[in-house]
$ cat upload-v6.txt   # compact mmCIF, C-alpha atoms and all ligand atoms
# COMPACT_ATOMS: atom_id res chain seq x y z
CA MET A 1 22.20 -65.00 -4.29
CA ALA A 2 24.61 -67.80 -3.48
CA ARG A 3 26.66 -66.93 -0.44
CA VAL A 4 30.01 -68.20 0.66
CA SER A 5 29.16 -70.97 3.09
CA LEU A 6 30.46 -70.50 6.59
CA PRO A 7 33.42 -72.64 7.56
CA PRO A 8 33.10 -74.96 10.58
CA SER A 9 32.81 -73.13 13.91
CA GLY A 10 36.07 -71.72 15.15
CA ALA A 11 37.44 -71.15 11.66
CA PRO A 12 37.38 -67.53 10.44
CA ARG A 13 34.67 -66.45 8.05
CA PRO A 14 35.88 -65.77 4.52
CA ILE A 15 35.59 -62.19 3.28
CA ASP A 16 32.53 -61.27 1.21
CA PRO A 17 33.54 -60.94 -2.41
CA PRO A 18 32.35 -58.14 -4.68
CA HIS A 19 29.19 -59.38 -6.45
CA ASP A 20 30.58 -59.75 -9.99
CA GLN A 21 33.68 -61.56 -8.82
CA GLU A 22 31.81 -64.06 -6.73
CA VAL A 23 32.37 -67.14 -8.88
CA SER A 24 36.10 -66.63 -9.23
CA PHE A 25 36.33 -65.81 -5.53
CA LEU A 26 34.67 -69.13 -4.70
CA ASP A 27 37.13 -70.87 -7.04
CA THR A 28 40.03 -69.19 -5.32
CA GLN A 29 38.64 -69.99 -1.89
CA THR A 30 38.29 -73.67 -2.80
CA ASN A 31 41.76 -73.56 -4.29
CA ALA A 32 43.11 -72.12 -1.02
CA GLN A 33 41.60 -75.01 0.91
CA THR A 34 43.11 -77.49 -1.53
CA ILE A 35 46.52 -75.84 -1.16
CA ALA A 36 46.22 -76.01 2.64
CA ARG A 37 45.51 -79.75 2.39
CA GLN A 38 48.36 -80.39 -0.03
CA PHE A 39 50.89 -78.74 2.25
CA ALA A 40 49.40 -80.42 5.32
CA ASP A 41 50.15 -83.70 3.52
CA LEU A 42 53.73 -82.54 3.06
CA GLN A 43 53.95 -81.92 6.79
CA GLY A 44 52.38 -85.36 7.31
CA GLU A 45 55.25 -86.89 5.37
CA MET A 46 57.73 -85.29 7.80
CA ASN A 47 55.63 -86.58 10.71
CA ARG A 48 56.02 -90.14 9.44
CA TYR A 49 59.72 -90.13 10.22
CA VAL A 50 60.46 -87.27 12.59
CA VAL A 51 58.84 -86.92 15.99
CA GLY A 52 58.16 -83.41 17.37
CA HIS A 53 59.89 -80.28 16.04
CA GLU A 54 56.53 -78.82 15.05
CA VAL A 55 57.95 -75.30 14.70
CA VAL A 56 60.66 -76.44 12.31
CA LYS A 57 58.17 -78.47 10.26
CA ARG A 58 55.74 -75.56 10.08
CA GLY A 59 58.54 -73.10 9.22
CA LEU A 60 59.67 -75.35 6.37
CA ILE A 61 56.18 -75.47 4.90
CA LEU A 62 55.74 -71.72 5.32
CA GLY A 63 59.03 -71.00 3.54
CA LEU A 64 58.18 -73.34 0.69
CA VAL A 65 54.77 -71.76 0.08
CA ALA A 66 56.21 -68.23 0.29
CA ARG A 67 59.26 -69.20 -1.83
CA GLU A 68 61.55 -67.84 0.78
CA HIS A 69 64.86 -69.21 2.03
CA ILE A 70 64.98 -71.02 5.36
CA TYR A 71 67.71 -71.24 8.00
CA ILE A 72 67.52 -73.95 10.68
CA GLU A 73 69.94 -73.82 13.57
CA GLY A 74 70.17 -76.55 16.15
CA PRO A 75 72.55 -78.90 17.94
CA PRO A 76 73.91 -82.06 16.32
CA GLY A 77 71.61 -85.02 15.85
CA MET A 78 68.22 -83.29 16.18
CA ALA A 79 67.20 -84.31 12.63
CA LYS A 80 67.83 -81.03 10.77
CA THR A 81 69.31 -82.73 7.72
CA MET A 82 66.72 -85.47 7.90
CA LEU A 83 63.82 -82.99 7.90
CA ALA A 84 65.32 -80.98 5.05
CA GLU A 85 65.82 -84.13 2.99
CA ILE A 86 62.34 -85.50 3.66
CA VAL A 87 60.59 -82.26 2.79
CA SER A 88 62.70 -81.90 -0.35
CA THR A 89 62.02 -85.43 -1.56
CA ALA A 90 58.31 -85.18 -0.78
CA ALA A 91 58.09 -81.78 -2.52
CA ASN A 92 59.22 -83.64 -5.64
CA LEU A 93 61.08 -80.67 -7.14
CA ASN A 94 64.45 -80.70 -8.83
CA PHE A 95 66.56 -80.96 -5.70
CA TYR A 96 70.23 -80.49 -4.81
CA LEU A 97 71.94 -81.15 -1.48
CA TYR A 98 75.37 -79.86 -0.68
CA GLN A 99 77.29 -80.56 2.50
CA PHE A 100 79.59 -77.65 3.34
CA HIS A 101 83.13 -78.13 4.59
CA ARG A 102 85.96 -75.81 5.41
CA ASP A 103 87.44 -75.95 1.93
CA THR A 104 84.18 -75.48 0.02
CA ARG A 105 84.76 -73.53 -3.16
CA LEU A 106 82.02 -71.70 -5.01
CA ALA A 107 82.71 -73.72 -8.17
CA GLU A 108 81.57 -76.91 -6.38
CA LEU A 109 78.18 -75.36 -5.75
CA VAL A 110 77.42 -73.98 -9.16
CA GLY A 111 78.41 -76.91 -11.39
CA ASP A 112 81.60 -78.06 -13.02
CA ILE A 113 84.44 -75.93 -14.22
CA VAL A 114 85.18 -76.82 -17.82
CA ILE A 115 88.56 -75.98 -19.27
CA GLU A 116 88.77 -76.04 -23.04
CA ARG A 117 91.79 -75.69 -25.25
CA GLN A 118 91.00 -73.82 -28.44
CA PRO A 119 92.91 -74.73 -31.61
CA GLU A 120 96.11 -72.81 -31.99
CA GLY A 121 95.65 -69.61 -33.94
CA GLU A 122 98.05 -66.94 -34.99
CA SER A 123 98.16 -65.58 -31.48
CA GLY A 124 98.92 -68.99 -29.97
CA GLU A 125 96.96 -71.41 -27.84
CA LEU A 126 93.81 -70.27 -26.12
CA ILE A 127 92.57 -71.81 -22.87
CA ILE A 128 88.97 -71.04 -22.03
CA GLN A 129 87.42 -71.66 -18.65
CA SER A 130 83.64 -71.87 -18.34
CA ILE A 131 81.05 -73.34 -16.00
CA ARG A 132 78.81 -76.24 -16.89
CA LYS A 133 75.86 -75.23 -14.80
CA GLY A 134 74.63 -77.51 -12.05
CA GLY A 135 74.08 -77.44 -8.29
CA VAL A 136 72.31 -74.35 -7.02
CA LEU A 137 72.10 -72.92 -10.54
CA THR A 138 69.79 -75.64 -11.84
CA ALA A 139 67.92 -76.79 -8.71
CA GLU A 140 64.40 -75.74 -7.74
CA LEU A 141 65.06 -76.60 -4.12
CA CYS A 142 68.42 -76.88 -2.46
CA VAL A 143 69.64 -77.97 0.94
CA LEU A 144 72.78 -76.20 2.09
CA ASP A 145 73.81 -78.51 4.88
CA ASP A 146 76.07 -77.25 7.68
CA ILE A 147 76.33 -73.88 5.99
CA SER A 148 78.35 -72.23 8.76
CA ARG A 149 81.30 -74.53 7.97
CA SER A 150 81.68 -72.68 4.71
CA PRO A 151 84.52 -70.25 4.14
CA GLY A 152 83.31 -66.68 3.77
CA GLU A 153 84.31 -66.11 0.15
CA ALA A 154 82.17 -68.97 -1.20
CA LEU A 155 79.29 -68.05 1.03
CA ASN A 156 79.07 -64.37 0.18
CA VAL A 157 78.80 -65.02 -3.53
CA LEU A 158 76.47 -67.97 -3.07
CA LEU A 159 74.06 -66.04 -0.87
CA ARG A 160 73.97 -63.16 -3.27
CA ILE A 161 72.98 -65.60 -6.03
CA LEU A 162 70.31 -67.09 -3.78
CA ASN A 163 68.96 -63.71 -2.83
CA GLU A 164 68.76 -62.39 -6.36
CA ARG A 165 67.85 -65.77 -7.81
CA GLN A 166 70.11 -64.81 -10.61
CA PHE A 167 73.58 -65.86 -11.78
CA GLN A 168 75.44 -63.35 -13.92
CA THR A 169 72.58 -62.12 -16.11
CA GLU A 170 70.43 -65.24 -16.04
CA LYS A 171 67.54 -66.10 -13.74
CA ILE A 172 67.92 -69.40 -11.90
CA PRO A 173 64.99 -71.77 -11.24
CA LEU A 174 65.52 -71.87 -7.47
CA LEU A 175 62.38 -71.51 -5.33
CA THR A 176 63.74 -72.10 -1.84
CA ALA A 177 67.07 -72.86 -0.21
CA ILE A 178 67.07 -74.65 3.14
CA ALA A 179 70.25 -74.10 5.14
CA THR A 180 71.15 -75.98 8.30
CA SER A 181 73.73 -75.13 10.90
CA ASN A 182 74.89 -76.05 14.36
CA PRO A 183 74.77 -73.24 16.91
CA THR A 184 77.73 -71.01 16.29
CA VAL A 185 79.50 -71.24 19.58
CA ASP A 186 83.19 -72.02 20.02
CA ASP A 187 82.83 -75.73 20.65
CA TYR A 188 81.22 -76.45 17.25
CA TYR A 189 84.13 -75.19 15.11
CA ASN A 190 82.04 -73.03 12.84
CA GLU A 191 81.55 -69.35 12.12
CA PRO A 192 78.31 -67.42 12.52
CA LEU A 193 76.86 -66.10 9.28
CA ASP A 194 77.29 -62.36 9.09
CA PRO A 195 74.08 -60.34 9.45
CA ALA A 196 73.81 -59.48 5.76
CA ASN A 197 73.96 -63.17 4.90
CA LEU A 198 71.63 -64.26 7.67
CA ASP A 199 69.02 -61.74 6.56
CA ARG A 200 68.79 -63.51 3.20
CA PHE A 201 67.07 -66.36 5.01
CA THR A 202 63.60 -64.99 5.62
CA ILE A 203 62.49 -67.94 7.74
CA GLN A 204 64.74 -68.51 10.71
CA LEU A 205 64.26 -71.46 13.02
CA ARG A 206 66.08 -72.09 16.28
CA SER A 207 65.63 -75.57 17.55
CA SER A 208 66.92 -77.94 20.14
CA GLY A 209 67.02 -81.67 20.78
CA LEU A 210 64.01 -83.41 22.33
CA ILE A 211 66.06 -84.41 25.38
CA GLN A 212 67.40 -80.88 25.91
CA GLU A 213 63.89 -79.49 25.62
CA ASN A 214 62.53 -82.02 28.12
CA LYS A 215 59.98 -83.24 25.58
CA TRP A 216 59.63 -86.56 27.34
CA SER A 217 56.57 -87.84 25.53
CA ASP A 218 58.30 -87.18 22.17
CA VAL A 219 61.47 -88.85 23.51
CA GLN A 220 59.33 -91.91 24.26
CA LYS A 221 57.89 -91.85 20.73
CA VAL A 222 61.34 -91.84 19.10
CA ILE A 223 62.42 -94.76 21.30
CA ASP A 224 59.21 -96.62 20.40
CA LEU A 225 59.71 -95.85 16.71
CA TYR A 226 63.22 -97.22 16.64
CA SER A 227 62.24 -100.19 18.81
CA SER A 228 59.42 -101.21 16.50
CA GLN A 229 60.20 -104.37 14.58
CA THR A 230 58.46 -103.10 11.48
CA PHE A 231 60.49 -99.90 11.41
CA SER A 232 63.06 -99.67 8.67
CA GLU A 233 65.95 -97.25 8.96
CA GLU A 234 65.53 -96.57 5.30
CA ILE A 235 63.78 -93.24 4.87
CA THR A 236 61.64 -93.36 1.77
CA PRO A 237 59.32 -90.35 1.65
CA GLU A 238 56.64 -90.34 -1.01
CA PRO A 239 56.98 -87.69 -3.73
CA ILE A 240 53.56 -86.25 -2.92
CA LEU A 241 53.64 -82.74 -4.44
CA ASN A 242 54.96 -81.45 -7.73
CA ARG A 243 55.92 -78.22 -9.49
CA ALA A 244 52.35 -77.51 -10.60
CA VAL A 245 51.20 -77.51 -6.96
CA PHE A 246 53.94 -75.03 -6.04
CA ASP A 247 53.14 -72.76 -8.98
CA ASN A 248 49.43 -72.78 -8.20
CA ALA A 249 50.12 -72.00 -4.53
CA TYR A 250 52.37 -69.10 -5.45
CA GLU A 251 49.84 -67.64 -7.85
CA VAL A 252 47.07 -67.86 -5.27
CA LEU A 253 49.38 -66.45 -2.57
CA HIS A 254 49.50 -63.13 -4.36
CA LYS A 255 45.72 -62.87 -4.29
CA VAL A 256 45.49 -63.21 -0.52
CA VAL A 257 44.04 -60.00 0.93
CA VAL A 258 45.85 -58.09 3.68
CA PRO A 259 43.31 -55.93 5.55
CA ASP A 260 44.14 -52.58 7.18
CA ILE A 261 43.91 -53.93 10.71
CA VAL A 262 46.79 -56.32 9.98
CA LYS A 263 48.87 -53.55 8.42
CA ARG A 264 48.25 -51.35 11.48
CA ALA A 265 49.22 -54.19 13.80
CA LEU A 266 52.48 -54.75 11.93
CA VAL A 267 53.39 -51.07 12.18
CA ASP A 268 52.44 -51.10 15.87
CA LEU A 269 54.77 -54.02 16.51
CA LEU A 270 57.65 -52.48 14.57
CA THR A 271 57.15 -49.21 16.44
CA ARG A 272 57.44 -51.05 19.74
CA PHE A 273 60.61 -52.80 18.52
CA VAL A 274 62.24 -49.43 17.96
CA ASN A 275 60.74 -47.17 20.64
CA GLN A 276 60.07 -49.53 23.51
CA PHE A 277 62.76 -52.21 23.10
CA LYS A 278 65.33 -49.92 21.48
CA LEU A 279 66.12 -52.39 18.73
CA ASP A 280 68.59 -50.93 16.27
CA SER A 281 71.44 -52.02 14.05
CA THR A 282 73.71 -52.60 17.04
CA ASN A 283 71.53 -55.25 18.67
CA SER A 284 69.17 -56.50 15.94
CA LEU A 285 68.60 -57.12 12.28
CA ILE A 286 65.42 -55.21 11.55
CA THR A 287 65.68 -54.65 7.83
CA ASP A 288 63.05 -53.05 5.64
CA ARG A 289 63.41 -55.97 3.24
CA SER A 290 62.47 -58.55 5.85
CA PHE A 291 59.91 -56.71 7.95
CA LEU A 292 58.12 -54.63 5.32
CA VAL A 293 58.28 -56.88 2.28
CA LYS A 294 59.02 -60.49 3.18
CA THR A 295 56.77 -60.38 6.23
CA ILE A 296 53.74 -59.65 4.05
CA LYS A 297 54.46 -62.72 1.96
CA VAL A 298 54.89 -64.84 5.05
CA LEU A 299 51.61 -63.54 6.50
CA LYS A 300 49.84 -64.42 3.26
CA ALA A 301 51.42 -67.88 3.24
CA HIS A 302 50.31 -68.36 6.84
CA ALA A 303 46.71 -67.50 5.93
CA LEU A 304 46.84 -69.72 2.85
CA LEU A 305 48.06 -72.67 4.88
CA GLU A 306 44.90 -72.23 6.95
CA GLY A 307 42.87 -72.32 3.73
CA ARG A 308 42.04 -68.59 3.88
CA MET A 309 42.25 -65.91 1.20
CA GLN A 310 42.43 -63.18 3.82
CA VAL A 311 45.13 -62.50 6.39
CA MET A 312 43.74 -62.21 9.92
CA PRO A 313 45.41 -60.50 12.89
CA GLN A 314 46.23 -63.91 14.38
CA ASP A 315 48.45 -64.61 11.35
CA LEU A 316 50.89 -62.12 12.85
CA HIS A 317 52.06 -65.05 14.95
CA ALA A 318 53.91 -66.06 11.77
CA LEU A 319 56.39 -63.30 12.68
CA THR A 320 57.86 -65.71 15.21
CA PHE A 321 59.27 -67.57 12.19
CA LEU A 322 61.35 -64.49 11.29
CA THR A 323 62.75 -63.26 14.55
CA ALA A 324 64.95 -66.09 15.87
CA PHE A 325 68.25 -64.50 14.87
CA ARG A 326 67.04 -60.98 14.13
CA VAL A 327 66.17 -59.81 17.63
CA PRO A 328 67.79 -60.49 21.02
CA GLU A 329 66.92 -63.94 22.34
CA GLU A 330 64.77 -62.70 25.25
CA ILE A 331 62.63 -60.64 22.88
CA ASP A 332 62.35 -63.57 20.50
CA ARG A 333 61.13 -65.75 23.37
CA ASN A 334 58.58 -63.09 24.26
CA MET A 335 57.29 -62.68 20.69
CA PRO A 336 54.06 -64.68 21.20
CA ASN A 337 53.08 -62.31 24.05
CA LEU A 338 54.09 -59.18 22.14
CA ILE A 339 52.07 -60.29 19.13
CA ALA A 340 49.04 -61.11 21.29
CA GLU A 341 49.26 -57.65 22.92
CA THR A 342 49.56 -55.98 19.53
CA ILE A 343 46.53 -57.82 18.20
CA GLN A 344 44.56 -56.68 21.22
CA ARG A 345 45.73 -53.06 20.94
CA VAL A 346 44.73 -52.66 17.31
CA GLY A 347 41.43 -54.45 17.90
CA GLU A 348 40.36 -51.99 20.62
N1 LIG A 401 62.88 -86.11 16.55
C1 LIG A 401 63.35 -87.20 15.93
N2 LIG A 401 62.50 -88.09 15.38
C2 LIG A 401 62.97 -89.20 14.75
N3 LIG A 401 64.28 -89.47 14.61
C3 LIG A 401 65.17 -88.61 15.12
C4 LIG A 401 64.75 -87.44 15.81
N4 LIG A 401 65.83 -86.77 16.22
C5 LIG A 401 66.88 -87.46 15.80
N5 LIG A 401 66.49 -88.57 15.13
C6 LIG A 401 67.40 -89.58 14.55
O1 LIG A 401 68.71 -89.07 14.64
C7 LIG A 401 69.30 -88.91 13.35
C8 LIG A 401 70.07 -87.60 13.35
O2 LIG A 401 69.54 -86.74 12.44
P1 LIG A 401 70.35 -85.73 11.50
O3 LIG A 401 71.61 -86.32 11.02
O4 LIG A 401 69.36 -85.27 10.52
O5 LIG A 401 70.69 -84.61 12.56
P2 LIG A 401 71.28 -83.16 12.32
O6 LIG A 401 70.46 -82.27 13.16
O7 LIG A 401 71.37 -82.87 10.89
O8 LIG A 401 72.72 -83.30 12.97
P3 LIG A 401 74.11 -82.58 12.60
O9 LIG A 401 74.01 -81.18 13.13
O10 LIG A 401 75.12 -83.38 13.31
O11 LIG A 401 74.24 -82.63 11.12
C9 LIG A 401 68.16 -88.99 12.37
O12 LIG A 401 68.57 -89.56 11.17
C10 LIG A 401 67.17 -89.87 13.08
O13 LIG A 401 67.50 -91.22 12.87
MG MG A 402 73.01 -82.57 9.63
$ encode --input "upload-v6.txt" --output "structure tokens"
Amino acid sequence: MARVSLPPSGAPRPIDPPHDQEVSFLDTQTNAQTIARQFADLQGEMNRYVVGHEVVKRGLILGLVAREHIYIEGPPGMAKTMLAEIVSTAANLNFYLYQFHRDTRLAELVGDIVIERQPEGESGELIIQSIRKGGVLTAELCVLDDISRSPGEALNVLLRILNERQFQTEKIPLLTAIATSNPTVDDYYNEPLDPANLDRFTIQLRSSGLIQENKWSDVQKVIDLYSSQTFSEEITPEPILNRAVFDNAYEVLHKVVVPDIVKRALVDLLTRFVNQFKLDSTNSLITDRSFLVKTIKVLKAHALLEGRMQVMPQDLHALTFLTAFRVPEEIDRNMPNLIAETIQRVGE
């Protein structure tokens, strides 16, 4: 009987398929490896222009595969907008970028307001206002740049549309929204998103500049890049993926297996959040939606990006892409250790 060949040493062994499903399992397994390569190429496109920021790059890819919304927070000039634009162009989806400002109105984001005057009837003139759909209502991928500059009224409605992927009674084609923001402290003149809005961004990324993070070898690379005589300031990413790749990835994502050990580990970690670290609604944003539902999708996406059709305990490290603004900062910083401990506990 043909067996699934073992991956190179170090890589996890694929699960054994039931006998009669072996051929389709092999197809899916090969498909998973293809998907992993396609999205690695997307990350490669970001690497061409942006040095460092591996966590942000990885979080972007993870969110795109899982079709979840992404929030990136970081100080000015660390290439947030640049990364979001590169990944969007390279993804080659129908893409919309909107730069928020203090007077943003919802109408600007959803298309054009059309005002029509109907012919005069017996009851007089009739003025009809409707929306010619555009912006976030017609895009497959949107970048919501500097989102925390937005006034609350526009934002609340917008984020509800994004969350439900629906406007009035109609589904919208949006796969992922990527929002960027400066840190919401007094000196940046912006308002923090309220917790209900923040929770709509499954993937949350906190980042900093290379200088602030003392990433001196990356600092050197940026200087070298901009010193190079062949370097052009024009950013022209290749459109390397397409909608079919995204649809295939999403279909395969749902077939990724989540074994019991991973489920136990997730419950173990959540139990520690509540019992040991006393995380509750006063100090954290531990919602059932994010940690019981979205997390599973993110774990599957994490496995898929490794070319696997099975989630492994080590995929729980993907939880670090969810916690940035959901748990207190010291716990977020300690997440890699907590996850490692959890993996060990359930493995014993
Ligand atoms: N890590 C990096 N690698 C390469 N170029 C970089 C990097 N960091 C910053 N730059 C350069 O600095 C510019 C600033 O990037 P960008 O405008 O995307 O920052 P931002 O984080 O969106 O800032 P703001 O919060 O002010 O909108 C980039 O266009 C790029 O030229
Ligand atoms: Mg920007």
$ residues_near_point --input "upload-v6.txt" --point "(45.0, -64.8, 5.2)" --cutoff "8 Å" --atoms "only C-alpha atoms" --output "ChimeraX atom specification"
/A:256-258,299-304,306-312,315
$ closest_atom_pairs --input "upload-v6.txt" --of "region 10-124 of chain A" --to "region 235-241 of chain A" --cutoff "7 Å" --atoms "all atoms listed in the file" --output "JSON lines"
{"residue": "A:Glu45", "atom": "CA", "partner": "A:Pro237", "partner_atom": "CA", "distance": 6.5}
{"residue": "A:Ile86", "atom": "CA", "partner": "A:Pro237", "partner_atom": "CA", "distance": 6.1}
{"residue": "A:Thr89", "atom": "CA", "partner": "A:Pro239", "partner_atom": "CA", "distance": 5.9}
{"residue": "A:Ala90", "atom": "CA", "partner": "A:Pro239", "partner_atom": "CA", "distance": 4.1}
{"residue": "A:Ala91", "atom": "CA", "partner": "A:Leu241", "partner_atom": "CA", "distance": 4.9}
{"residue": "A:Asn92", "atom": "CA", "partner": "A:Pro239", "partner_atom": "CA", "distance": 5.0}
$ residues_near_point --input "upload-v6.txt" --point "(50.2, -52.6, 21.3)" --cutoff "8 Å" --atoms "all atoms listed in the file" --output "PyMOL selection string"
chain A and resi 265+268-269+272+338+341-346
$ residues_around --input "upload-v6.txt" --residues "region 67-70 of chain A" --least-positions-apart "3" --cutoff "6 Å" --atoms "only C-alpha atoms" --output "list in words"
Gly63, Leu64, Leu175, Thr176, Ala177, Ile178, Phe201, Thr202, Ile203 and Gln204 of chain A
$ residues_near_ligand --input "upload-v6.txt" --ligand "ligand LIG 401 (chain A)" --cutoff "9 Å" --atoms "only C-alpha atoms and all ligand atoms" --output "PDB file with C-alpha atoms, in the frame of the given file"
ATOM      1  CA  ASN A  47      55.630 -86.580  10.710  1.00  0.00           C
ATOM      2  CA  ARG A  48      56.020 -90.140   9.440  1.00  0.00           C
ATOM      3  CA  TYR A  49      59.720 -90.130  10.220  1.00  0.00           C
ATOM      4  CA  VAL A  50      60.460 -87.270  12.590  1.00  0.00           C
ATOM      5  CA  VAL A  51      58.840 -86.920  15.990  1.00  0.00           C
ATOM      6  CA  GLY A  52      58.160 -83.410  17.370  1.00  0.00           C
ATOM      7  CA  HIS A  53      59.890 -80.280  16.040  1.00  0.00           C
ATOM      8  CA  GLU A  73      69.940 -73.820  13.570  1.00  0.00           C
ATOM      9  CA  GLY A  74      70.170 -76.550  16.150  1.00  0.00           C
ATOM     10  CA  PRO A  75      72.550 -78.900  17.940  1.00  0.00           C
ATOM     11  CA  PRO A  76      73.910 -82.060  16.320  1.00  0.00           C
ATOM     12  CA  GLY A  77      71.610 -85.020  15.850  1.00  0.00           C
ATOM     13  CA  MET A  78      68.220 -83.290  16.180  1.00  0.00           C
ATOM     14  CA  ALA A  79      67.200 -84.310  12.630  1.00  0.00           C
ATOM     15  CA  LYS A  80      67.830 -81.030  10.770  1.00  0.00           C
ATOM     16  CA  THR A  81      69.310 -82.730   7.720  1.00  0.00           C
ATOM     17  CA  MET A  82      66.720 -85.470   7.900  1.00  0.00           C
ATOM     18  CA  LEU A  83      63.820 -82.990   7.900  1.00  0.00           C
ATOM     19  CA  ALA A  84      65.320 -80.980   5.050  1.00  0.00           C
ATOM     20  CA  GLU A  85      65.820 -84.130   2.990  1.00  0.00           C
ATOM     21  CA  ASP A 145      73.810 -78.510   4.880  1.00  0.00           C
ATOM     22  CA  ASP A 146      76.070 -77.250   7.680  1.00  0.00           C
ATOM     23  CA  THR A 180      71.150 -75.980   8.300  1.00  0.00           C
ATOM     24  CA  SER A 181      73.730 -75.130  10.900  1.00  0.00           C
ATOM     25  CA  ASN A 182      74.890 -76.050  14.360  1.00  0.00           C
ATOM     26  CA  PRO A 183      74.770 -73.240  16.910  1.00  0.00           C
ATOM     27  CA  SER A 208      66.920 -77.940  20.140  1.00  0.00           C
ATOM     28  CA  GLY A 209      67.020 -81.670  20.780  1.00  0.00           C
ATOM     29  CA  LEU A 210      64.010 -83.410  22.330  1.00  0.00           C
ATOM     30  CA  ASP A 218      58.300 -87.180  22.170  1.00  0.00           C
ATOM     31  CA  VAL A 219      61.470 -88.850  23.510  1.00  0.00           C
ATOM     32  CA  LYS A 221      57.890 -91.850  20.730  1.00  0.00           C
ATOM     33  CA  VAL A 222      61.340 -91.840  19.100  1.00  0.00           C
ATOM     34  CA  ILE A 223      62.420 -94.760  21.300  1.00  0.00           C
ATOM     35  CA  LEU A 225      59.710 -95.850  16.710  1.00  0.00           C
ATOM     36  CA  TYR A 226      63.220 -97.220  16.640  1.00  0.00           C
ATOM     37  CA  GLU A 233      65.950 -97.250   8.960  1.00  0.00           C
ATOM     38  CA  ILE A 235      63.780 -93.240   4.870  1.00  0.00           C
TER      39      ILE A 235
END
$ closest_residue --input "upload-v6.txt" --among "A:Ile127, A:Ile72, A:Ala36, A:Ile113" --to "ligand MG 402 (chain A)" --atoms "all atoms listed in the file"
A:Ile72
$ closest_residue --input "upload-v6.txt" --among "A:Ile331, A:Ile211, A:Ile147, A:Ala40" --to "Glu191 (chain A)" --atoms "all atoms listed in the file"
A:Ile147
$ atom_distance --input "upload-v6.txt" --atom1 "CA of Asp112 (chain A)" --atom2 "CA of Gln129 (chain A)"
10.3 Å
$ atom_distance --input "upload-v6.txt" --atom1 "CA of Asn163 (chain A)" --atom2 "CA of Lys57 (chain A)"
22.5 Å
$ atom_distance --input "upload-v6.txt" --atom1 "CA of Thr34 (chain A)" --atom2 "CA of Ala139 (chain A)"
25.8 Å
$ residues_around --input "upload-v6.txt" --residues "Arg105 (chain A)" --least-positions-apart "5" --cutoff "12 Å" --atoms "only C-alpha atoms" --output "PyMOL selection string"
chain A and resi 98-100+110-113+149-158
$ decode --input "upload-v6.txt" --residues "region 62-73 of chain A" --atoms "N, CA and C atoms" --output "mmCIF file, in the first residue's frame"
data_model
loop_
_atom_site.group_PDB
_atom_site.id
_atom_site.type_symbol
_atom_site.label_atom_id
_atom_site.label_comp_id
_atom_site.auth_asym_id
_atom_site.auth_seq_id
_atom_site.Cartn_x
_atom_site.Cartn_y
_atom_site.Cartn_z
ATOM 1 N N LEU A 62 -1.142 35.227 7.862
ATOM 2 C CA LEU A 62 -2.058 34.389 8.655
ATOM 3 C C LEU A 62 -3.503 34.905 8.528
ATOM 4 N N GLY A 63 -3.662 36.203 8.664
ATOM 5 C CA GLY A 63 -4.997 36.813 8.562
ATOM 6 C C GLY A 63 -5.598 36.618 7.180
ATOM 7 N N LEU A 64 -4.761 36.729 6.152
ATOM 8 C CA LEU A 64 -5.273 36.577 4.786
ATOM 9 C C LEU A 64 -5.736 35.146 4.539
ATOM 10 N N VAL A 65 -4.961 34.174 5.001
ATOM 11 C CA VAL A 65 -5.344 32.770 4.788
ATOM 12 C C VAL A 65 -6.617 32.452 5.568
ATOM 13 N N ALA A 66 -6.701 32.964 6.796
ATOM 14 C CA ALA A 66 -7.861 32.668 7.651
ATOM 15 C C ALA A 66 -9.064 33.554 7.332
ATOM 16 N N ARG A 67 -8.884 34.524 6.424
ATOM 17 C CA ARG A 67 -9.938 35.503 6.101
ATOM 18 C C ARG A 67 -10.416 36.230 7.339
ATOM 19 N N GLU A 68 -9.468 36.648 8.124
ATOM 20 C CA GLU A 68 -9.799 37.407 9.320
ATOM 21 C C GLU A 68 -9.251 38.824 9.167
ATOM 22 N N HIS A 69 -9.822 39.748 9.943
ATOM 23 C CA HIS A 69 -9.360 41.128 9.889
ATOM 24 C C HIS A 69 -8.113 41.294 10.761
ATOM 25 N N ILE A 70 -7.308 42.290 10.371
ATOM 26 C CA ILE A 70 -5.981 42.454 10.983
ATOM 27 C C ILE A 70 -5.822 43.898 11.463
ATOM 28 N N TYR A 71 -5.292 44.059 12.665
ATOM 29 C CA TYR A 71 -5.045 45.399 13.201
ATOM 30 C C TYR A 71 -3.551 45.518 13.514
ATOM 31 N N ILE A 72 -2.896 46.516 12.918
ATOM 32 C CA ILE A 72 -1.463 46.719 13.168
ATOM 33 C C ILE A 72 -1.279 48.056 13.860
ATOM 34 N N GLU A 73 -0.686 48.015 15.034
ATOM 35 C CA GLU A 73 -0.437 49.272 15.748
ATOM 36 C C GLU A 73 1.063 49.480 15.908
#
